[in-house]
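Student: This structure is in structure tokens; I'll ask about it shortly.
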Amino acid sequence: MRVVIKIGTSTLAHKTGLLNIHRVEELCKVMSDLKNAGNEVILVSSGAIGMGVGKLSLSEKPTDIPTKQAAAAVGQCELMYTYDKLFSEYNHTVAQILVTGDDIANTDRKHNFINTMRRLLELGALPIINENDSVSTNEIEIGDNDTLGAIVATAVDADLLIILSDIDGLYTGDPRQDIGAKLIHKVEKITPEIEGMIGGAGSKLGTGGMITKINAAKIVNKSGIDMVIANGENPNLLYEIVDGKDIGTRFLGTVK
């Protein structure tokens, strides 16, 4: 199985913006094991700006583009150093790919991206992808890594996109405010009623929310790819998700 796993800032970092070392170590261990079992694993990782915020001792995520870019440049170094170190412990080689909206919108550059991805997988590498926040501007940014995960999943013809967040999945209401909200385990079609259940942005360190996740599901489902939203607090859930069990919310892709 070819699996794209998107990890959000809220999963990777503490509220301080500093790395959640225990969780990231466990995530890398589980992903390495999934790869050892014969799966192809592609990681779309947020966290560069969030980690940069922590490393630069900023009180909150910056709102201006130059400071965002500076934080991303600092944080991306720590992020990739950490991934390289942890995956190397399980004998897996990682590859960093940073993209912008132009890389996806331009036909030739997108073709080059797809060729690079395919070759990395053939060589047994584990690609780690993030938006190139150090050079992106409003005009060329993809905007969020949920969308990036969906774009990557469709580009490499993945079997499954898993989005790990700080929420268990899609609920009938906001579980943080409505104690009667129920988790929806399976969505066969994204209807106006489903879209009406979504809330706003997520953590103050991240850029996404349920809106971007629903949009990501729309992208991959049209290509026949399933997408699962699950809580990244327990990385071992990845085993059950890959096995097709009812973890989180699974959005079913249309038949290819």
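Here's how to read the names in the structure tokens: chain A, B, ... by the order shown, residue numbers from 1 in each chain, ligand numbers from 1 in the order shown.
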I need the alpha helix (DSSP H) residues of range 27-224 of chain A per DSSP on the backbone, written as a ChimeraX atom specification.
Tutor: /A:27-36,48-55,65-88,101-105,107-122,145-155,192-195,210-221
Student: Give me the residues within 6 Å of range 2-13 of chain A as a list in words, counting only C-alpha atoms and dropping any in the same chain fewer than 3 places off.
Tutor: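 Skipping anything fewer than 3 positions along the chain leaves Gly17, Leu18, Leu19, Asn20, Asn39, Glu40, Val41, Ile42, Leu43, Val44, Ser45, Ser46, Gly47, Gly149, Ala158, Asp159, Leu160, Leu161, Ile162, Ile163, Leu164, Ser165, Gly206 and Gly232 of chain A.
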Student: Keeping only C-alpha atoms, write the selected residues as a short mmCIF file (atom, residue, chain, number, x, y, z; two decimals), in the first residue's frame.
Tutor:
data_model
loop_
_atom_site.label_atom_id
_atom_site.label_comp_id
_atom_site.auth_asym_id
_atom_site.auth_seq_id
_atom_site.Cartn_x
_atom_site.Cartn_y
_atom_site.Cartn_z
CA GLY A 17 5.92 25.40 19.86
CA LEU A 18 8.78 23.19 20.97
CA LEU A 19 9.01 19.63 19.69
CA ASN A 20 6.99 16.91 21.41
CA ASN A 39 4.19 -0.25 2.55
CA GLU A 40 5.45 2.83 0.74
CA VAL A 41 5.28 5.77 3.13
CA ILE A 42 5.33 9.46 2.21
CA LEU A 43 5.29 12.03 4.99
CA VAL A 44 3.82 15.50 4.60
CA SER A 45 5.01 17.34 7.67
CA SER A 46 3.92 20.66 9.09
CA GLY A 47 5.81 22.17 11.97
CA GLY A 149 -1.16 16.21 1.44
CA ALA A 158 -1.60 6.82 -3.35
CA ASP A 159 -3.98 4.27 -1.89
CA LEU A 160 -4.64 6.24 1.27
CA LEU A 161 -4.16 9.70 2.78
CA ILE A 162 -4.04 9.89 6.57
CA ILE A 163 -4.32 13.29 8.25
CA LEU A 164 -3.20 13.27 11.87
CA SER A 165 -4.53 16.15 13.91
CA GLY A 206 -1.20 25.56 12.91
CA GLY A 232 -2.15 11.93 16.26
#
Student: Please identify all polymer residues within 7 Å of range 89-96 of chain A, counting only C-alpha atoms, omitting same-chain residues fewer than 2 positions from it, and present them as a tab-separated table (two decimals) with N, CA and C atoms, in the first residue's frame.
Tutor:
chain	number	residue	atom	x	y	z
A	32	SER	N	8.24	3.68	10.42
A	32	SER	CA	9.33	2.80	10.00
A	32	SER	C	8.85	1.35	9.95
A	84	ASP	N	15.69	12.91	10.22
A	84	ASP	CA	16.83	12.15	9.72
A	84	ASP	C	17.44	11.28	10.82
A	85	LYS	N	17.58	11.85	11.99
A	85	LYS	CA	18.15	11.13	13.13
A	85	LYS	C	17.27	9.95	13.54
A	86	LEU	N	15.96	10.20	13.66
A	86	LEU	CA	15.06	9.15	14.15
A	86	LEU	C	14.84	8.04	13.14
A	87	PHE	N	14.63	8.39	11.88
A	87	PHE	CA	14.43	7.34	10.87
A	87	PHE	C	15.70	6.55	10.61
A	98	LEU	N	10.77	20.43	-0.69
A	98	LEU	CA	10.03	21.64	-0.36
A	98	LEU	C	9.39	22.17	-1.64
A	125	ALA	N	13.55	5.26	-0.49
A	125	ALA	CA	13.64	6.41	0.42
A	125	ALA	C	12.26	6.76	0.98
A	126	LEU	N	12.27	7.52	2.05
A	126	LEU	CA	11.03	8.01	2.64
A	126	LEU	C	10.97	9.52	2.42
A	127	PRO	N	10.19	9.95	1.43
A	127	PRO	CA	10.11	11.39	1.15
A	127	PRO	C	9.39	12.15	2.27
A	128	ILE	N	9.94	13.29	2.64
A	128	ILE	CA	9.30	14.18	3.62
A	128	ILE	C	9.07	15.52	2.93
A	129	ILE	N	7.81	15.90	2.85
A	129	ILE	CA	7.42	17.06	2.05
A	129	ILE	C	6.82	18.14	2.93
Student: Do a neighbour search on Ile194 in chain A at 9 Å with only C-alpha atoms, toss out local chain neighbours closer than 3 positions, and write the hits as number ranges by chain.
Tutor: A: 170, 172, 187, 189-191, 197-198, 214
Student: Show me, as a ChimeraX atom specification, the residues that have an atom within 6 Å of Ala48 in chain A when counting only C-alpha atoms, minus same-chain residues fewer than 3 positions from it.
Tutor: /A:51,72,75-76
Student: Using backbone DSSP assignments, extract all strand (DSSP E) residues from range 3-237 of chain A; output them as a PyMOL selection string.
Tutor: chain A and resi 3-7+40-45+94-99+126-131+160-165+186-187+226-231
Student: Might you pull out every residue within 9 Å of Met117 in chain A, with only C-alpha atoms counted and same-chain residues fewer than 4 positions away left off, and present them as a ChimeraX atom specification?
Tutor: /A:97,112-113,121-122,127,156
Student: Mind dumping the selected residues with C-alpha atoms as an mmCIF file, in the first residue's frame?
Tutor:
data_model
loop_
_atom_site.group_PDB
_atom_site.id
_atom_site.type_symbol
_atom_site.label_atom_id
_atom_site.label_comp_id
_atom_site.auth_asym_id
_atom_site.auth_seq_id
_atom_site.Cartn_x
_atom_site.Cartn_y
_atom_site.Cartn_z
ATOM 1 C CA ILE A 97 11.239 18.057 -0.772
ATOM 2 C CA ASN A 112 9.448 16.836 -12.461
ATOM 3 C CA PHE A 113 8.054 16.620 -8.917
ATOM 4 C CA LEU A 121 10.073 5.463 -3.757
ATOM 5 C CA GLU A 122 11.794 3.086 -6.176
ATOM 6 C CA PRO A 127 10.110 11.388 1.151
ATOM 7 C CA VAL A 156 1.710 9.781 -6.652
#
Student: Find the residues near Ile241 in chain A: any atom within 8 Å, counting only C-alpha atoms, skip ones fewer than 5 places away on the same chain, and give them as number ranges by chain.
Tutor: A: 228, 246-247
Student: Restricted to C-alpha atoms, what would the selected residues look like written as an mmCIF file, in the first residue's frame?
Tutor:
data_model
loop_
_atom_site.group_PDB
_atom_site.id
_atom_site.type_symbol
_atom_site.label_atom_id
_atom_site.label_comp_id
_atom_site.auth_asym_id
_atom_site.auth_seq_id
_atom_site.Cartn_x
_atom_site.Cartn_y
_atom_site.Cartn_z
ATOM 1 C CA VAL A 228 -8.782 9.276 7.163
ATOM 2 C CA ASP A 246 -12.861 2.139 12.073
ATOM 3 C CA ILE A 247 -10.445 4.681 13.487
#
Student: Out of A:Lys245, A:Asp168, A:Thr154, A:Ile211, which residue has the shortest atom-to-atom distance to Gly224 in chain A when counting only C-alpha atoms?
Tutor: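 Ranking A:Lys245, A:Asp168, A:Thr154, A:Ile211 by distance to Gly224 in chain A, first place goes to A:Thr154.
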Student: Restricting the calculation to only C-alpha atoms: of A:Ile21, A:Leu120, A:Ile114, A:Met1, which residue gets closest to Asn36 in chain A?
Tutor: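 Checking each candidate against Asn36 in chain A, we get A:Met1 as the closest.
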Student: Find the distance between CA of Lys182 in chain A and CA of Thr249 in chain A and write it in Å to one decimal.
Tutor: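 Rounded to one decimal, the two atoms are 11.2 Å apart.
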